[in-house]
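Source file: target.cif; contents: mmCIF, C-alpha atoms.
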data_target
loop_
_atom_site.group_PDB
_atom_site.id
_atom_site.type_symbol
_atom_site.label_atom_id
_atom_site.label_comp_id
_atom_site.auth_asym_id
_atom_site.auth_seq_id
_atom_site.Cartn_x
_atom_site.Cartn_y
_atom_site.Cartn_z
ATOM 1 C CA MET A 1 157.440 -56.183 124.770
ATOM 2 C CA ASP A 2 158.901 -58.917 126.850
ATOM 3 C CA PHE A 3 156.385 -61.382 128.316
ATOM 4 C CA ASP A 4 158.858 -63.522 130.236
ATOM 5 C CA PHE A 5 157.160 -62.576 133.518
ATOM 6 C CA LEU A 6 154.191 -64.761 132.475
ATOM 7 C CA LEU A 7 156.420 -67.816 132.823
ATOM 8 C CA ASN A 8 157.240 -66.899 136.412
ATOM 9 C CA PRO A 9 156.019 -69.720 138.737
ATOM 10 C CA TRP A 10 154.287 -67.193 140.996
ATOM 11 C CA VAL A 11 152.264 -65.783 138.119
ATOM 12 C CA ILE A 12 151.332 -69.257 136.887
ATOM 13 C CA SER A 13 150.279 -70.285 140.415
ATOM 14 C CA ILE A 14 148.123 -67.172 140.835
ATOM 15 C CA ILE A 15 146.441 -67.786 137.463
ATOM 16 C CA ILE A 16 145.680 -71.402 138.412
ATOM 17 C CA VAL A 17 144.273 -70.414 141.824
ATOM 18 C CA VAL A 18 142.077 -67.710 140.262
ATOM 19 C CA PHE A 19 140.810 -70.206 137.682
ATOM 20 C CA ILE A 20 139.928 -72.818 140.331
ATOM 21 C CA VAL A 21 138.266 -70.293 142.660
ATOM 22 C CA GLY A 22 136.246 -68.889 139.739
ATOM 23 C CA ASN A 23 135.034 -72.352 138.762
ATOM 24 C CA ILE A 24 134.055 -73.193 142.340
ATOM 25 C CA ALA A 25 132.162 -69.898 142.680
ATOM 26 C CA SER A 26 130.313 -70.473 139.418
ATOM 27 C CA MET A 27 129.407 -74.050 140.416
ATOM 28 C CA LYS A 28 128.025 -72.789 143.735
ATOM 29 C CA TYR A 29 125.950 -70.154 141.974
ATOM 30 C CA LEU A 30 124.622 -72.495 139.298
ATOM 31 C CA GLY A 31 124.033 -75.302 141.780
ATOM 32 C CA GLN A 32 121.895 -73.129 144.041
ATOM 33 C CA SER A 33 119.805 -71.804 141.180
ATOM 34 C CA HIS A 34 119.163 -75.379 140.030
ATOM 35 C CA LEU A 35 118.052 -76.450 143.511
ATOM 36 C CA VAL A 36 115.673 -73.525 143.866
ATOM 37 C CA ARG A 37 113.778 -74.492 140.727
ATOM 38 C CA LYS A 38 113.294 -78.079 141.873
ATOM 39 C CA ASP A 39 109.814 -78.837 143.206
ATOM 40 C CA PRO A 40 110.244 -80.126 146.783
ATOM 41 C CA ASN A 41 106.871 -81.921 146.765
ATOM 42 C CA LYS A 42 107.618 -83.932 143.647
ATOM 43 C CA LYS A 43 108.894 -87.395 144.469
ATOM 44 C CA SER A 44 111.567 -89.048 142.420
ATOM 45 C CA ASP A 45 111.107 -92.406 140.758
ATOM 46 C CA LEU A 46 113.293 -94.003 143.390
ATOM 47 C CA ASP A 47 111.057 -92.705 146.199
ATOM 48 C CA ARG A 48 107.991 -94.084 144.420
ATOM 49 C CA LEU A 49 109.629 -97.492 144.018
ATOM 50 C CA ILE A 50 110.561 -97.574 147.693
ATOM 51 C CA GLU A 51 106.951 -96.858 148.659
ATOM 52 C CA ILE A 52 105.683 -99.588 146.329
ATOM 53 C CA TYR A 53 108.079 -102.152 147.797
ATOM 54 C CA LYS A 54 107.134 -101.141 151.352
ATOM 55 C CA GLU A 55 103.443 -101.556 150.548
ATOM 56 C CA LYS A 56 104.121 -104.910 148.916
ATOM 57 C CA ASP A 57 106.166 -106.118 151.890
ATOM 58 C CA SER A 58 103.532 -105.008 154.373
ATOM 59 C CA SER A 59 100.759 -106.764 152.426
ATOM 60 C CA GLU A 60 102.851 -109.933 152.185
ATOM 61 C CA ALA A 61 103.615 -109.777 155.887
ATOM 62 C CA SER A 62 99.949 -109.393 156.795
ATOM 63 C CA SER A 63 98.939 -112.282 154.516
ATOM 64 C CA ALA A 64 101.714 -114.445 155.984
ATOM 65 C CA GLN A 65 100.528 -113.581 159.491
ATOM 66 C CA LYS A 66 96.962 -114.565 158.606
ATOM 67 C CA LYS A 67 98.202 -117.860 157.178
ATOM 68 C CA SER A 68 100.184 -118.621 160.307
ATOM 69 C CA GLU A 69 97.165 -117.791 162.483
ATOM 70 C CA ASN A 70 95.008 -120.131 160.413
ATOM 71 C CA GLU A 71 97.591 -122.893 160.632
ATOM 72 C CA THR A 72 97.935 -122.562 164.409
ATOM 73 C CA SER A 73 94.168 -122.598 164.855
ATOM 74 C CA THR A 74 93.845 -125.759 162.767
ATOM 75 C CA LYS A 75 96.691 -127.400 164.694
ATOM 76 C CA GLU A 76 94.963 -126.548 167.978
ATOM 77 C CA ASP A 77 91.733 -128.033 166.651
ATOM 78 C CA ASP A 78 93.588 -131.203 165.641
ATOM 79 C CA THR A 79 95.188 -131.576 169.060
ATOM 80 C CA LYS A 80 91.839 -131.162 170.791
ATOM 81 C CA ASN A 81 90.293 -133.962 168.761
#
Would you give me this structure, written as structure tokens?
Amino acid sequence: MDFDFLLNPWVISIIIVVFIVGNIASMKYLGQSHLVRKDPNKKSDLDRLIEIYKEKDSSEASSAQKKSENETSTKEDDTKN
């Protein structure tokens, strides 16, 4: 048997294209099955950290606002006297 036709550039190109298309199809299939199993309500660690930093920033902002209100009220009292 003579297998010289396997070295034909057309045959090699077709084999490469079939290999790539098969890998893409398998990645799509496996990727979708992985996403289906993921719990959509479960938050990642990054989401939790973002919430913690937002809460911390809001508490710092409210405490800074209270301080500035106290300072302005004491300055007004000083100017009245």
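Taking CA of Arg48 (chain A) as the reference point, CA of Lys67 (chain A) is found at 28.7 Å.
Between CA of Lys43 (chain A) and CA of Asp57 (chain A) lies a distance of 20.3 Å.
Interatomic distance, CA of Lys28 (chain A) to CA of Trp10 (chain A): 27.0 Å.
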How would region 46-70 of chain A read, as a PDB file, in the frame of the given file, once N, CA, C and O atoms are built in?
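So the final result, stored in rebuild-v6.pdb, reads:
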ATOM      1  N   LEU A  46     112.757 -93.124 142.362  1.00  0.00           N
ATOM      2  CA  LEU A  46     113.293 -94.003 143.390  1.00  0.00           C
ATOM      3  C   LEU A  46     112.409 -93.981 144.639  1.00  0.00           C
ATOM      4  O   LEU A  46     112.135 -95.030 145.233  1.00  0.00           O
ATOM      5  N   ASP A  47     111.940 -92.787 145.041  1.00  0.00           N
ATOM      6  CA  ASP A  47     111.057 -92.705 146.199  1.00  0.00           C
ATOM      7  C   ASP A  47     109.759 -93.464 145.957  1.00  0.00           C
ATOM      8  O   ASP A  47     109.235 -94.132 146.848  1.00  0.00           O
ATOM      9  N   ARG A  48     109.229 -93.360 144.748  1.00  0.00           N
ATOM     10  CA  ARG A  48     107.991 -94.084 144.420  1.00  0.00           C
ATOM     11  C   ARG A  48     108.212 -95.596 144.488  1.00  0.00           C
ATOM     12  O   ARG A  48     107.364 -96.328 145.000  1.00  0.00           O
ATOM     13  N   LEU A  49     109.343 -96.060 143.964  1.00  0.00           N
ATOM     14  CA  LEU A  49     109.629 -97.492 144.018  1.00  0.00           C
ATOM     15  C   LEU A  49     109.773 -97.983 145.448  1.00  0.00           C
ATOM     16  O   LEU A  49     109.296 -99.071 145.796  1.00  0.00           O
ATOM     17  N   ILE A  50     110.404 -97.191 146.291  1.00  0.00           N
ATOM     18  CA  ILE A  50     110.561 -97.574 147.693  1.00  0.00           C
ATOM     19  C   ILE A  50     109.198 -97.713 148.353  1.00  0.00           C
ATOM     20  O   ILE A  50     108.951 -98.667 149.106  1.00  0.00           O
ATOM     21  N   GLU A  51     108.301 -96.772 148.083  1.00  0.00           N
ATOM     22  CA  GLU A  51     106.951 -96.858 148.659  1.00  0.00           C
ATOM     23  C   GLU A  51     106.217 -98.102 148.159  1.00  0.00           C
ATOM     24  O   GLU A  51     105.533 -98.777 148.932  1.00  0.00           O
ATOM     25  N   ILE A  52     106.357 -98.406 146.881  1.00  0.00           N
ATOM     26  CA  ILE A  52     105.683 -99.588 146.329  1.00  0.00           C
ATOM     27  C   ILE A  52     106.195-100.857 146.994  1.00  0.00           C
ATOM     28  O   ILE A  52     105.420-101.737 147.377  1.00  0.00           O
ATOM     29  N   TYR A  53     107.520-100.960 147.160  1.00  0.00           N
ATOM     30  CA  TYR A  53     108.079-102.152 147.797  1.00  0.00           C
ATOM     31  C   TYR A  53     107.670-102.251 149.263  1.00  0.00           C
ATOM     32  O   TYR A  53     107.416-103.340 149.768  1.00  0.00           O
ATOM     33  N   LYS A  54     107.576-101.109 149.949  1.00  0.00           N
ATOM     34  CA  LYS A  54     107.134-101.141 151.352  1.00  0.00           C
ATOM     35  C   LYS A  54     105.692-101.618 151.444  1.00  0.00           C
ATOM     36  O   LYS A  54     105.343-102.409 152.320  1.00  0.00           O
ATOM     37  N   GLU A  55     104.837-101.117 150.538  1.00  0.00           N
ATOM     38  CA  GLU A  55     103.443-101.556 150.548  1.00  0.00           C
ATOM     39  C   GLU A  55     103.345-103.046 150.229  1.00  0.00           C
ATOM     40  O   GLU A  55     102.567-103.767 150.846  1.00  0.00           O
ATOM     41  N   LYS A  56     104.138-103.493 149.292  1.00  0.00           N
ATOM     42  CA  LYS A  56     104.121-104.910 148.916  1.00  0.00           C
ATOM     43  C   LYS A  56     104.593-105.774 150.079  1.00  0.00           C
ATOM     44  O   LYS A  56     103.983-106.808 150.375  1.00  0.00           O
ATOM     45  N   ASP A  57     105.664-105.353 150.746  1.00  0.00           N
ATOM     46  CA  ASP A  57     106.166-106.118 151.890  1.00  0.00           C
ATOM     47  C   ASP A  57     105.161-106.150 153.033  1.00  0.00           C
ATOM     48  O   ASP A  57     104.978-107.173 153.675  1.00  0.00           O
ATOM     49  N   SER A  58     104.501-105.026 153.278  1.00  0.00           N
ATOM     50  CA  SER A  58     103.532-105.008 154.373  1.00  0.00           C
ATOM     51  C   SER A  58     102.331-105.889 154.047  1.00  0.00           C
ATOM     52  O   SER A  58     101.797-106.571 154.920  1.00  0.00           O
ATOM     53  N   SER A  59     101.895-105.909 152.787  1.00  0.00           N
ATOM     54  CA  SER A  59     100.759-106.764 152.426  1.00  0.00           C
ATOM     55  C   SER A  59     101.159-108.236 152.495  1.00  0.00           C
ATOM     56  O   SER A  59     100.374-109.074 152.932  1.00  0.00           O
ATOM     57  N   GLU A  60     102.388-108.553 152.092  1.00  0.00           N
ATOM     58  CA  GLU A  60     102.851-109.933 152.185  1.00  0.00           C
ATOM     59  C   GLU A  60     102.998-110.364 153.637  1.00  0.00           C
ATOM     60  O   GLU A  60     102.674-111.497 153.995  1.00  0.00           O
ATOM     61  N   ALA A  61     103.449-109.445 154.479  1.00  0.00           N
ATOM     62  CA  ALA A  61     103.615-109.777 155.887  1.00  0.00           C
ATOM     63  C   ALA A  61     102.263-110.017 156.548  1.00  0.00           C
ATOM     64  O   ALA A  61     102.102-110.950 157.345  1.00  0.00           O
ATOM     65  N   SER A  62     101.269-109.202 156.192  1.00  0.00           N
ATOM     66  CA  SER A  62      99.949-109.393 156.795  1.00  0.00           C
ATOM     67  C   SER A  62      99.314-110.693 156.299  1.00  0.00           C
ATOM     68  O   SER A  62      98.666-111.401 157.072  1.00  0.00           O
ATOM     69  N   SER A  63      99.509-111.029 155.020  1.00  0.00           N
ATOM     70  CA  SER A  63      98.939-112.282 154.516  1.00  0.00           C
ATOM     71  C   SER A  63      99.663-113.480 155.133  1.00  0.00           C
ATOM     72  O   SER A  63      99.045-114.499 155.431  1.00  0.00           O
ATOM     73  N   ALA A  64     100.972-113.356 155.344  1.00  0.00           N
ATOM     74  CA  ALA A  64     101.714-114.445 155.984  1.00  0.00           C
ATOM     75  C   ALA A  64     101.274-114.607 157.429  1.00  0.00           C
ATOM     76  O   ALA A  64     101.172-115.729 157.938  1.00  0.00           O
ATOM     77  N   GLN A  65     100.982-113.506 158.099  1.00  0.00           N
ATOM     78  CA  GLN A  65     100.528-113.581 159.491  1.00  0.00           C
ATOM     79  C   GLN A  65      99.152-114.253 159.557  1.00  0.00           C
ATOM     80  O   GLN A  65      98.894-115.078 160.431  1.00  0.00           O
ATOM     81  N   LYS A  66      98.282-113.935 158.628  1.00  0.00           N
ATOM     82  CA  LYS A  66      96.962-114.565 158.606  1.00  0.00           C
ATOM     83  C   LYS A  66      97.087-116.059 158.356  1.00  0.00           C
ATOM     84  O   LYS A  66      96.382-116.864 158.960  1.00  0.00           O
ATOM     85  N   LYS A  67      98.002-116.437 157.452  1.00  0.00           N
ATOM     86  CA  LYS A  67      98.202-117.860 157.178  1.00  0.00           C
ATOM     87  C   LYS A  67      98.700-118.582 158.418  1.00  0.00           C
ATOM     88  O   LYS A  67      98.250-119.680 158.738  1.00  0.00           O
ATOM     89  N   SER A  68      99.640-117.961 159.108  1.00  0.00           N
ATOM     90  CA  SER A  68     100.184-118.621 160.307  1.00  0.00           C
ATOM     91  C   SER A  68      99.123-118.720 161.397  1.00  0.00           C
ATOM     92  O   SER A  68      99.066-119.704 162.133  1.00  0.00           O
ATOM     93  N   GLU A  69      98.256-117.719 161.503  1.00  0.00           N
ATOM     94  CA  GLU A  69      97.165-117.791 162.483  1.00  0.00           C
ATOM     95  C   GLU A  69      96.202-118.919 162.128  1.00  0.00           C
ATOM     96  O   GLU A  69      95.731-119.639 162.998  1.00  0.00           O
ATOM     97  N   ASN A  70      95.906-119.058 160.851  1.00  0.00           N
ATOM     98  CA  ASN A  70      95.008-120.131 160.413  1.00  0.00           C
ATOM     99  C   ASN A  70      95.633-121.497 160.667  1.00  0.00           C
ATOM    100  O   ASN A  70      94.951-122.430 161.097  1.00  0.00           O
TER     101      ASN A  70
END
